[in-house]
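**Student:** Before I ask anything, let me first share the structure, which is written out below as structure tokens.
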Amino acid sequence: MRRFPLWLLVFVALVYVFLLTPIVVVVATSVNAGYYLAFPPSGFSLRWYAAFFNSPSFMTALVLSLEVAGVAAFFAALIGTPAAMAYVRSRGPFREPFRLLLLSPLVLPEILTAIALLFFFNLFFSGLRSLVPLVIGHTVLIVPFVFLTVTSALYNMPAQVDEAARTLGATPGRVFFRVTLPLIKSGIIAGTMLAFIISFDNVTMSLLLKAIGTSTLPIQLFDYLRLDFDPTAAAAASISVVFTLGIVVIIDRMFGLRALRF
Amino acid sequence: MSRVIIRRLTKAYDSVTAVTGVDLEVAEGEFVSILGPSGCGKTTTLRCVAGLEIPTGGRILFGDTEVTALPPERRSIGMVFQNYALFPHLTVRRNIAFGLEMRGVRGAKAARRVADVMEMVQLPGMAHRYPRQLSGGQQQRVALARALVVEPSVLLLDEPLANLDAKLRDEMRFFIRSLQKRVGITTLYVTHDQAEAMTMSDRIVVMFDGTIHQIGTPEEIYHRPADRQVAEFIGSSNLIAGRVAEVREGYVTLETAVGMIVCRAGHRPAAGEQAMALIRPEAAELSREANAGSFAGRIVACHFLGNLIDYDIVLGDDTTHRVQTLGETLYAVGDEIAVSVPEEKAWLLSK
Amino acid sequence: MAAQQVGPRNATWLLGLPGAAAVIIFVIVPYINIAVMSFRVSSPSRAYDPGFTLDNYARTLGDPLYLGVLWDTVSLAVIVAVVSLVLGFPVAFFLARTRSRWQSLLYALVLSPLLVGVVIRSFGWIVLLANNGVINQLLGMVGIGPLGLMYNRLGVTIGLVHVFLPFMILPIMNAVQSIDPRFEEAARTLGASERRAFFRVVLPLSMPGIQSGAILVFVLAASAYVVPELLGGGRVMTTPTFVMQQLLGTFLWPFGAALALVLSATTLILIWLFTLLTKPVMRGLT
């Protein structure tokens, strides 16, 4: 048992308070009966949740967010998983450049990527009339998360089991489906869930690439907070928090949070 | 079962050549070990036989079938890996049945063969465990069972005992050897442990730097090593340099700084050539009285090994040598003694 | 011997093709496109007028207003990185070395804010920091304030530190975890006090984590848009908010492109300087 000096423990506790208070405050605001800045709270109420679920604009935004995140996460998994395999299993001079390429959306400033994509779609395609640019933007943004998580799952695979399967008569295809896939499945699922969350919470990319007249939940919130706000936004935010934390808990229970890679 | 024939095998990576011109024939049912230090190319050779590496040059045949370019799954081999490489997501039974499944053997027939092989490797009641629930020795047996259940023509083992503790390693050594004899399968065994190679093999292949230095029975390798590198890798050795004084049929007399040594020789050197006498520590005899052909020496260290006594002895030319005797400690540090080498016990190595 | 290879591996790289293609088409090509566009002639009516020019860069680098915005952004990012380091290191050290059974929960608590949307976290800070927000109301009860905690650099700094702190904690935690505690024990047996063992052994060995954490937080803070927009309330201008204003408001695309690229270039140069400066400390560690 290691003992830490008291000041360190107090300091760490204060940093945790700093990290968590804003999130707690949002949730507290959402169940406050009065208007949002009323402090101390004036009683428990779910009326802002009712307002949220009765608000067509919030509901449309929520559905759009789920759709975009779902589709983007699906494509990210579809692209990112084989990419991770290519990286882990290949040798040669293009290996590291390939990794850098796949991670570039994570390394490059998101706002710049978003602007670049905005110009790109406007110049070379018909602009932002459909959801396609948004989904593409989200997909390239979250591919690195799948790539990193699956890469580490592949590295954590016990050595040589794929070779053992080959010596036992399995073709490369059967090795993948019977040995590799079962062993990296949890990495793929965890990475895809993480990618889903990142997409679901994204603002910057969505702000620039959304089709005109549409809005995802974070953007709806963003606009709400910039203009005028009422606790409906807090309810929307809380639902989003609970949803995100729910996925985090699932990932943690199933695979452990350390399966994730940032 | 089939013979394994390796002809002029070469494997080069981008800049390194791992194996150069390896020639080897393993007879049907024979147990051959490839022995050498790490990086000598022994594992690469084995992996080429397995089909896990594609040779840069040369050919590999199983019996009369050329397999050089065949992928591993089409080679009828069984392989045991150093870390066993058991599938962590499958139970013992399904691990063992994997190869059968790949060959389309299912149902009762597969179940019977799995049960048979599990009995053979003495793994009763483990069928439904997962590999991580097994001890190292048990995992080893599962790996063997998995490799053998498909009745391959060749069994390949890549340092299978390296991860076991010493006692278990001894036990598994004899287990594997007797199992191999019972099944009668052609076996290629890679190891860096000379004791393992000695006790298990019909023949040993000694490799250094990607080439074969010697192929022979354990006795040949030990008593008549092909060169100095082999001699020094196998067991401990005393080397005394000298000049060839006289050559007779099968024997050579070497003139050295400590005296004349009569050696057995595998080749006929020219008189006057520089050469070396190899004397294994247990080959020399010690006595207090000098006799014909003995050298004078002085004991500088003495270690009690239980069954053996190990002496460090300085000879007249100030070189230190090692002699082991059976029985009790008869000499003490500082004793002046005579060292004699029976002529059939010294072996000539060319310089 | 360590080479992992199953049979002929010629086809494996094909698996990377979709990923590489997606990133090249939808990241690399668009970047090349804005790089080219930044040399175009701005036009109020369409994407750009014909011809190439250096005007956009001349305007960006020549105008004190833009340079001021750039300076504000960079200094803000540096402050955010430094504050994050001061707050984050003790937490990272604690998380790496604690034997508490709550360790994984505490780890999850650091990770979770990262996964809660940045808008929501800004929202929380608005509720806390606004003139009639929680903190000011609490201060009001004891007769202080209201203090201007938001819609200024202070608010933006607080928000950015909060948002990016986990990115400082995680790499440092990994670095400290990889330091064998026996190094400290060895230092202690050699006569170092606990304090000296920390400063002479643990701190230098965790430099790689500090370096990557600092770079990460700096880059993220310099290119953050949402937090400065929400907590700055339009009164704190950073390059990203400024670029967005130019793009969404005036449609001067080539100019916006040049501005964005100048920010990225500045960031890269500063990272390069930073790695150069920390090189002596990192010797033998990476």
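Each chain in the structure tokens gets a letter, A, B, ..., in the order shown, and its residues are numbered from 1; ligands are numbered from 1 in order too.
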Residues at most 6 Å from range 72-77 of chain A, counting only C-alpha atoms, excluding those fewer than 4 positions away in the same chain, as JSON, numbers by chain?

**Tutor:** {"A": [68, 81, 135, 138, 139, 143, 192, 195, 196]}

**Student:** Residues as selected, N, CA, C and O atoms, written as a tab-separated table (two decimals), in the first residue's frame, can you do that?

**Tutor:**
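Once written, part00.tsv looks like this:
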```
chain	number	residue	atom	x	y	z
A	68	VAL	N	-26.85	9.58	-37.99
A	68	VAL	CA	-25.51	9.91	-38.50
A	68	VAL	C	-24.45	9.12	-37.74
A	68	VAL	O	-23.58	8.50	-38.35
A	81	THR	N	-11.34	-1.60	-39.37
A	81	THR	CA	-10.89	-2.93	-38.96
A	81	THR	C	-9.90	-3.55	-39.95
A	81	THR	O	-8.80	-3.94	-39.55
A	135	VAL	N	-22.12	12.59	-43.12
A	135	VAL	CA	-21.74	11.22	-42.76
A	135	VAL	C	-20.28	10.95	-43.13
A	135	VAL	O	-19.54	10.35	-42.35
A	138	HIS	N	-18.03	12.72	-40.58
A	138	HIS	CA	-17.99	12.00	-39.31
A	138	HIS	C	-17.20	10.71	-39.45
A	138	HIS	O	-16.43	10.34	-38.56
A	139	THR	N	-17.39	10.02	-40.57
A	139	THR	CA	-16.71	8.73	-40.74
A	139	THR	C	-15.19	8.92	-40.70
A	139	THR	O	-14.50	8.22	-39.95
A	143	VAL	N	-12.79	7.18	-37.84
A	143	VAL	CA	-12.02	6.00	-38.26
A	143	VAL	C	-10.80	5.76	-37.36
A	143	VAL	O	-10.53	4.62	-36.97
A	192	THR	N	-15.92	0.64	-32.06
A	192	THR	CA	-17.08	1.16	-32.79
A	192	THR	C	-17.99	1.97	-31.87
A	192	THR	O	-18.50	3.02	-32.24
A	195	ALA	N	-16.37	5.22	-31.30
A	195	ALA	CA	-16.52	6.02	-32.51
A	195	ALA	C	-17.93	6.60	-32.57
A	195	ALA	O	-18.13	7.77	-32.92
A	196	PHE	N	-18.92	5.79	-32.19
A	196	PHE	CA	-20.30	6.25	-32.17
A	196	PHE	C	-20.46	7.44	-31.23
A	196	PHE	O	-21.06	8.46	-31.59
```

**Student:** Using the chain letters and numbers from this document, which residues of range 19-219 of chain C does DSSP assign to strand (DSSP E or B), as a PyMOL selection string?

**Tutor:** chain C and resi 40-41+49-52

**Student:** Export N, CA, C and O atoms of the chosen residues as a PDB file, in the first residue's frame?

**Tutor:**
```pdb
ATOM      1  N   ARG C  40      -5.905  31.896 -53.916  1.00  0.00           N
ATOM      2  CA  ARG C  40      -6.869  32.425 -54.872  1.00  0.00           C
ATOM      3  C   ARG C  40      -7.254  33.854 -54.498  1.00  0.00           C
ATOM      4  O   ARG C  40      -6.980  34.326 -53.392  1.00  0.00           O
ATOM      5  N   VAL C  41      -7.944  34.491 -55.426  1.00  0.00           N
ATOM      6  CA  VAL C  41      -8.401  35.856 -55.192  1.00  0.00           C
ATOM      7  C   VAL C  41      -9.797  35.807 -54.579  1.00  0.00           C
ATOM      8  O   VAL C  41     -10.712  35.204 -55.141  1.00  0.00           O
ATOM      9  N   ASP C  49     -12.308  34.413 -57.393  1.00  0.00           N
ATOM     10  CA  ASP C  49     -12.111  34.954 -58.730  1.00  0.00           C
ATOM     11  C   ASP C  49     -10.905  34.281 -59.363  1.00  0.00           C
ATOM     12  O   ASP C  49     -10.075  33.699 -58.671  1.00  0.00           O
ATOM     13  N   PRO C  50     -10.785  34.376 -60.690  1.00  0.00           N
ATOM     14  CA  PRO C  50      -9.644  33.711 -61.355  1.00  0.00           C
ATOM     15  C   PRO C  50      -8.312  34.317 -60.913  1.00  0.00           C
ATOM     16  O   PRO C  50      -8.250  35.452 -60.429  1.00  0.00           O
ATOM     17  N   GLY C  51      -7.255  33.544 -61.105  1.00  0.00           N
ATOM     18  CA  GLY C  51      -5.909  34.046 -60.817  1.00  0.00           C
ATOM     19  C   GLY C  51      -5.413  33.639 -59.443  1.00  0.00           C
ATOM     20  O   GLY C  51      -6.179  33.165 -58.609  1.00  0.00           O
ATOM     21  N   PHE C  52      -4.119  33.803 -59.256  1.00  0.00           N
ATOM     22  CA  PHE C  52      -3.497  33.460 -57.984  1.00  0.00           C
ATOM     23  C   PHE C  52      -2.884  34.705 -57.362  1.00  0.00           C
ATOM     24  O   PHE C  52      -2.479  35.627 -58.067  1.00  0.00           O
TER      25      PHE C  52
END
```

**Student:** Quick one: everything within 10 Å of His89 in chain B, counting only C-alpha atoms, minus sequence neighbours fewer than 4 positions away in the same chain. Send it as a short mmCIF file (atom, residue, chain, number, x, y, z; two decimals) with all heavy atoms, in the first residue's frame.

**Tutor:**
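Dumped everything to selection28.cif:
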```
data_model
loop_
_atom_site.label_atom_id
_atom_site.label_comp_id
_atom_site.auth_asym_id
_atom_site.auth_seq_id
_atom_site.Cartn_x
_atom_site.Cartn_y
_atom_site.Cartn_z
N ARG A 178 -12.50 -17.90 -37.96
CA ARG A 178 -12.54 -18.83 -36.84
C ARG A 178 -11.61 -18.44 -35.70
O ARG A 178 -11.82 -18.83 -34.56
CB ARG A 178 -12.20 -20.24 -37.33
CG ARG A 178 -13.19 -20.78 -38.35
CD ARG A 178 -14.55 -20.99 -37.73
NE ARG A 178 -14.48 -21.95 -36.65
CZ ARG A 178 -14.53 -23.27 -36.83
NH1 ARG A 178 -14.70 -23.74 -38.03
NH2 ARG A 178 -14.44 -24.06 -35.80
N VAL A 179 -10.54 -17.71 -36.00
CA VAL A 179 -9.56 -17.41 -34.95
C VAL A 179 -9.43 -15.90 -34.72
O VAL A 179 -9.70 -15.40 -33.63
CB VAL A 179 -8.19 -18.02 -35.30
CG1 VAL A 179 -7.16 -17.64 -34.24
CG2 VAL A 179 -8.30 -19.53 -35.42
N PRO A 182 -12.95 -13.85 -33.74
CA PRO A 182 -13.41 -14.04 -32.36
C PRO A 182 -12.50 -13.39 -31.33
O PRO A 182 -12.96 -12.92 -30.30
CB PRO A 182 -13.39 -15.57 -32.19
CG PRO A 182 -13.46 -16.12 -33.55
CD PRO A 182 -12.80 -15.12 -34.45
N LEU A 183 -11.21 -13.34 -31.64
CA LEU A 183 -10.28 -12.80 -30.65
C LEU A 183 -10.24 -11.27 -30.63
O LEU A 183 -9.87 -10.68 -29.63
CB LEU A 183 -8.86 -13.36 -30.89
CG LEU A 183 -8.71 -14.84 -30.56
CD1 LEU A 183 -7.33 -15.32 -30.93
CD2 LEU A 183 -8.96 -15.08 -29.08
N ARG B 94 -12.25 -28.28 -28.27
CA ARG B 94 -12.41 -27.62 -29.56
C ARG B 94 -11.07 -27.20 -30.15
O ARG B 94 -10.91 -27.13 -31.36
CB ARG B 94 -13.37 -26.44 -29.43
CG ARG B 94 -14.76 -26.94 -29.01
CD ARG B 94 -15.87 -26.04 -29.48
NE ARG B 94 -15.69 -25.60 -30.85
CZ ARG B 94 -16.13 -24.43 -31.29
NH1 ARG B 94 -16.73 -23.60 -30.46
NH2 ARG B 94 -15.97 -24.09 -32.55
N ASN B 95 -10.10 -26.91 -29.27
CA ASN B 95 -8.75 -26.66 -29.76
C ASN B 95 -8.24 -27.88 -30.51
O ASN B 95 -7.71 -27.79 -31.61
CB ASN B 95 -7.81 -26.35 -28.59
CG ASN B 95 -7.51 -24.87 -28.46
OD1 ASN B 95 -6.75 -24.32 -29.25
ND2 ASN B 95 -8.12 -24.23 -27.48
N TYR B 130 -10.73 -24.08 -20.56
CA TYR B 130 -10.10 -23.17 -21.50
C TYR B 130 -8.59 -23.16 -21.26
O TYR B 130 -8.15 -23.42 -20.14
CB TYR B 130 -10.68 -21.76 -21.35
CG TYR B 130 -12.03 -21.64 -21.99
CD1 TYR B 130 -13.19 -21.90 -21.26
CD2 TYR B 130 -12.15 -21.30 -23.34
CE1 TYR B 130 -14.44 -21.82 -21.86
CE2 TYR B 130 -13.39 -21.22 -23.94
CZ TYR B 130 -14.53 -21.48 -23.20
OH TYR B 130 -15.76 -21.41 -23.80
N PRO B 131 -7.82 -22.87 -22.30
CA PRO B 131 -6.36 -22.95 -22.15
C PRO B 131 -5.83 -22.20 -20.93
O PRO B 131 -4.93 -22.67 -20.25
CB PRO B 131 -5.85 -22.31 -23.45
CG PRO B 131 -6.90 -22.61 -24.45
CD PRO B 131 -8.20 -22.57 -23.68
N ARG B 132 -6.39 -21.01 -20.65
CA ARG B 132 -5.82 -20.24 -19.54
C ARG B 132 -6.06 -20.91 -18.20
O ARG B 132 -5.45 -20.53 -17.20
CB ARG B 132 -6.37 -18.81 -19.55
CG ARG B 132 -7.86 -18.73 -19.30
CD ARG B 132 -8.37 -17.31 -19.14
NE ARG B 132 -9.80 -17.33 -19.05
CZ ARG B 132 -10.61 -17.43 -20.11
NH1 ARG B 132 -10.10 -17.48 -21.32
NH2 ARG B 132 -11.92 -17.48 -19.96
#
```

**Student:** Considering only C-alpha atoms, extract the chain C residues located within 6 Å of chain A and return them as a PyMOL selection string.

**Tutor:** chain C and resi 6+12-13+15-16+18-19+30-31+34+91+116-117+120-121+124-125+133+223

**Student:** Within 9 Å of Gly39 in chain B, counting only C-alpha atoms, which residues show up once you throw out same-chain ones fewer than 2 positions away? Write them as an MDAnalysis selection string, please.

**Tutor:** (chainID B and resid 18 36:37 41:44 208:210) or (chainID C and resid 1)

**Student:** Residues within 8 Å of Ser350 in chain B, please, as a PDB file with C-alpha atoms, in the first residue's frame. Count only C-alpha atoms; anything in the same chain fewer than 5 positions from it doesn't count.

**Tutor:**
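So out39.pdb came out as:
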```
ATOM      1  CA  ASP B 227      34.722 -28.046 -35.807  1.00  0.00           C
ATOM      2  CA  ARG B 228      35.605 -25.887 -32.875  1.00  0.00           C
ATOM      3  CA  PRO B 269      45.957 -33.389 -41.796  1.00  0.00           C
ATOM      4  CA  GLN B 274      48.332 -26.150 -36.901  1.00  0.00           C
ATOM      5  CA  ALA B 275      45.508 -27.994 -35.128  1.00  0.00           C
ATOM      6  CA  MET B 276      43.790 -28.416 -31.793  1.00  0.00           C
TER       7      MET B 276
END
```

**Student:** Can you check which residues of range 6-237 of chain A DSSP gives as alpha helix (DSSP H) on the backbone and send them as a PyMOL selection string?

**Tutor:** chain A and resi 6-30+47-54+56-89+95-107+110-124+132-155+161-167+172-175+181-201+204-209+217-226+232-237

**Student:** Can you write out as CSV which residues of chain B fall within 7 Å of chain A, alongside each residue's closest atom pair and its distance in Å to one decimal, counting only C-alpha atoms and ordering rows by chain and ascending residue number?

**Tutor:**
```
residue,atom,partner,partner_atom,distance
B:Ala50,CA,A:Thr167,CA,6.9
B:Pro72,CA,A:Thr167,CA,5.1
B:Glu73,CA,A:Gly169,CA,3.7
B:Arg74,CA,A:Gly169,CA,6.3
B:Ile77,CA,A:Thr167,CA,6.3
B:Gly78,CA,A:Thr167,CA,6.3
B:Met79,CA,A:Thr167,CA,6.4
B:Ala85,CA,A:Val161,CA,4.6
B:Leu86,CA,A:Val161,CA,6.3
B:Phe87,CA,A:Val161,CA,6.1
B:His89,CA,A:Leu183,CA,6.9
B:Gly99,CA,A:Leu168,CA,4.6
B:Met102,CA,A:Gly169,CA,5.7
B:Arg103,CA,A:Gly169,CA,6.9
```

**Student:** For chain C, work out the contacting residues on chain B at 6 Å, counting only C-alpha atoms, and write them as a PDB file with N, CA, C and O atoms, in the first residue's frame.

**Tutor:**
```
ATOM      1  N   LEU B  52       5.295 -21.618 -43.243  1.00  0.00           N
ATOM      2  CA  LEU B  52       5.020 -20.304 -42.664  1.00  0.00           C
ATOM      3  C   LEU B  52       5.951 -19.252 -43.238  1.00  0.00           C
ATOM      4  O   LEU B  52       5.702 -18.056 -43.108  1.00  0.00           O
ATOM      5  N   GLU B  53       7.055 -19.703 -43.837  1.00  0.00           N
ATOM      6  CA  GLU B  53       7.929 -18.801 -44.574  1.00  0.00           C
ATOM      7  C   GLU B  53       8.126 -19.418 -45.959  1.00  0.00           C
ATOM      8  O   GLU B  53       8.201 -20.633 -46.082  1.00  0.00           O
ATOM      9  N   PRO B  71       1.023 -23.589 -49.303  1.00  0.00           N
ATOM     10  CA  PRO B  71       0.708 -22.927 -48.037  1.00  0.00           C
ATOM     11  C   PRO B  71       0.612 -23.970 -46.918  1.00  0.00           C
ATOM     12  O   PRO B  71       0.375 -25.147 -47.198  1.00  0.00           O
TER      13      PRO B  71
END
```

**Student:** Can you tell me which residues surround Ile189 in chain A at a distance of at most 9 Å, considering only C-alpha atoms, apart from same-chain residues fewer than 2 positions away, and format the answer as a list in words?

**Tutor:**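 Near Ile189 in chain A, the qualifying residues are Ala77, Val146, Val150, Ile184, Lys185, Ser186, Gly187, Gly191, Thr192, Met193, Leu194 and Ile251 of chain A.
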
**Student:** Can those selected residues be exported to a file as an mmCIF file, in the first residue's frame so that it contains N, CA and C atoms?

**Tutor:**
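Contents of selection.cif, as written:
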```
data_model
loop_
_atom_site.group_PDB
_atom_site.id
_atom_site.type_symbol
_atom_site.label_atom_id
_atom_site.label_comp_id
_atom_site.auth_asym_id
_atom_site.auth_seq_id
_atom_site.Cartn_x
_atom_site.Cartn_y
_atom_site.Cartn_z
ATOM 1 N N ALA A 77 -16.151 1.233 -38.752
ATOM 2 C CA ALA A 77 -15.759 -0.131 -38.382
ATOM 3 C C ALA A 77 -15.391 -0.931 -39.622
ATOM 4 N N VAL A 146 -11.536 3.533 -34.260
ATOM 5 C CA VAL A 146 -11.663 2.104 -34.546
ATOM 6 C C VAL A 146 -10.279 1.529 -34.855
ATOM 7 N N VAL A 150 -8.712 -1.434 -32.589
ATOM 8 C CA VAL A 150 -8.542 -2.756 -33.204
ATOM 9 C C VAL A 150 -7.055 -3.099 -33.321
ATOM 10 N N ILE A 184 -10.576 -10.627 -31.755
ATOM 11 C CA ILE A 184 -10.537 -9.160 -31.749
ATOM 12 C C ILE A 184 -11.937 -8.560 -31.723
ATOM 13 N N LYS A 185 -12.940 -9.428 -31.641
ATOM 14 C CA LYS A 185 -14.326 -8.962 -31.683
ATOM 15 C C LYS A 185 -14.586 -7.865 -30.649
ATOM 16 N N SER A 186 -14.123 -8.107 -29.424
ATOM 17 C CA SER A 186 -14.414 -7.121 -28.384
ATOM 18 C C SER A 186 -13.740 -5.792 -28.697
ATOM 19 N N GLY A 187 -12.549 -5.842 -29.275
ATOM 20 C CA GLY A 187 -11.867 -4.607 -29.668
ATOM 21 C C GLY A 187 -12.657 -3.861 -30.731
ATOM 22 N N GLY A 191 -14.259 -0.261 -30.020
ATOM 23 C CA GLY A 191 -13.822 0.842 -30.870
ATOM 24 C C GLY A 191 -14.988 1.482 -31.609
ATOM 25 N N THR A 192 -15.923 0.636 -32.063
ATOM 26 C CA THR A 192 -17.076 1.165 -32.794
ATOM 27 C C THR A 192 -17.990 1.969 -31.871
ATOM 28 N N MET A 193 -18.157 1.475 -30.645
ATOM 29 C CA MET A 193 -18.976 2.214 -29.682
ATOM 30 C C MET A 193 -18.346 3.564 -29.374
ATOM 31 N N LEU A 194 -17.041 3.563 -29.178
ATOM 32 C CA LEU A 194 -16.342 4.816 -28.917
ATOM 33 C C LEU A 194 -16.524 5.762 -30.103
ATOM 34 N N ILE A 251 -19.238 -0.617 -22.324
ATOM 35 C CA ILE A 251 -17.882 -0.943 -22.784
ATOM 36 C C ILE A 251 -17.052 -1.443 -21.615
#
```

**Student:** List as an MDAnalysis selection string the protein and nucleic acid residues near range 217-220 of chain C, meaning an atom at most 12 Å away when only C-alpha atoms are counted, but skip any in the same chain fewer than 4 places from it.

**Tutor:** (chainID A and resid 106:112) or (chainID C and resid 73:85 88 160:171 210:213 224:227 240 263:272 274)

**Student:** Report the distance between CA of Arg99 in chain C and CA of Leu216 in chain C in Å, rounded to one decimal place.

**Tutor:**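 These two atoms are separated by 27.9 Å.
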
**Student:** To one decimal place in Å, what is the distance between CA of Ile54 in chain B and CA of Val19 in chain B?

**Tutor:**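 Distance reported for this atom pair: 11.9 Å.
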
**Student:** How far is it from CA of Arg129 in chain A to CA of Ala211 in chain A, in Å with one decimal?

**Tutor:** 5.3 Å
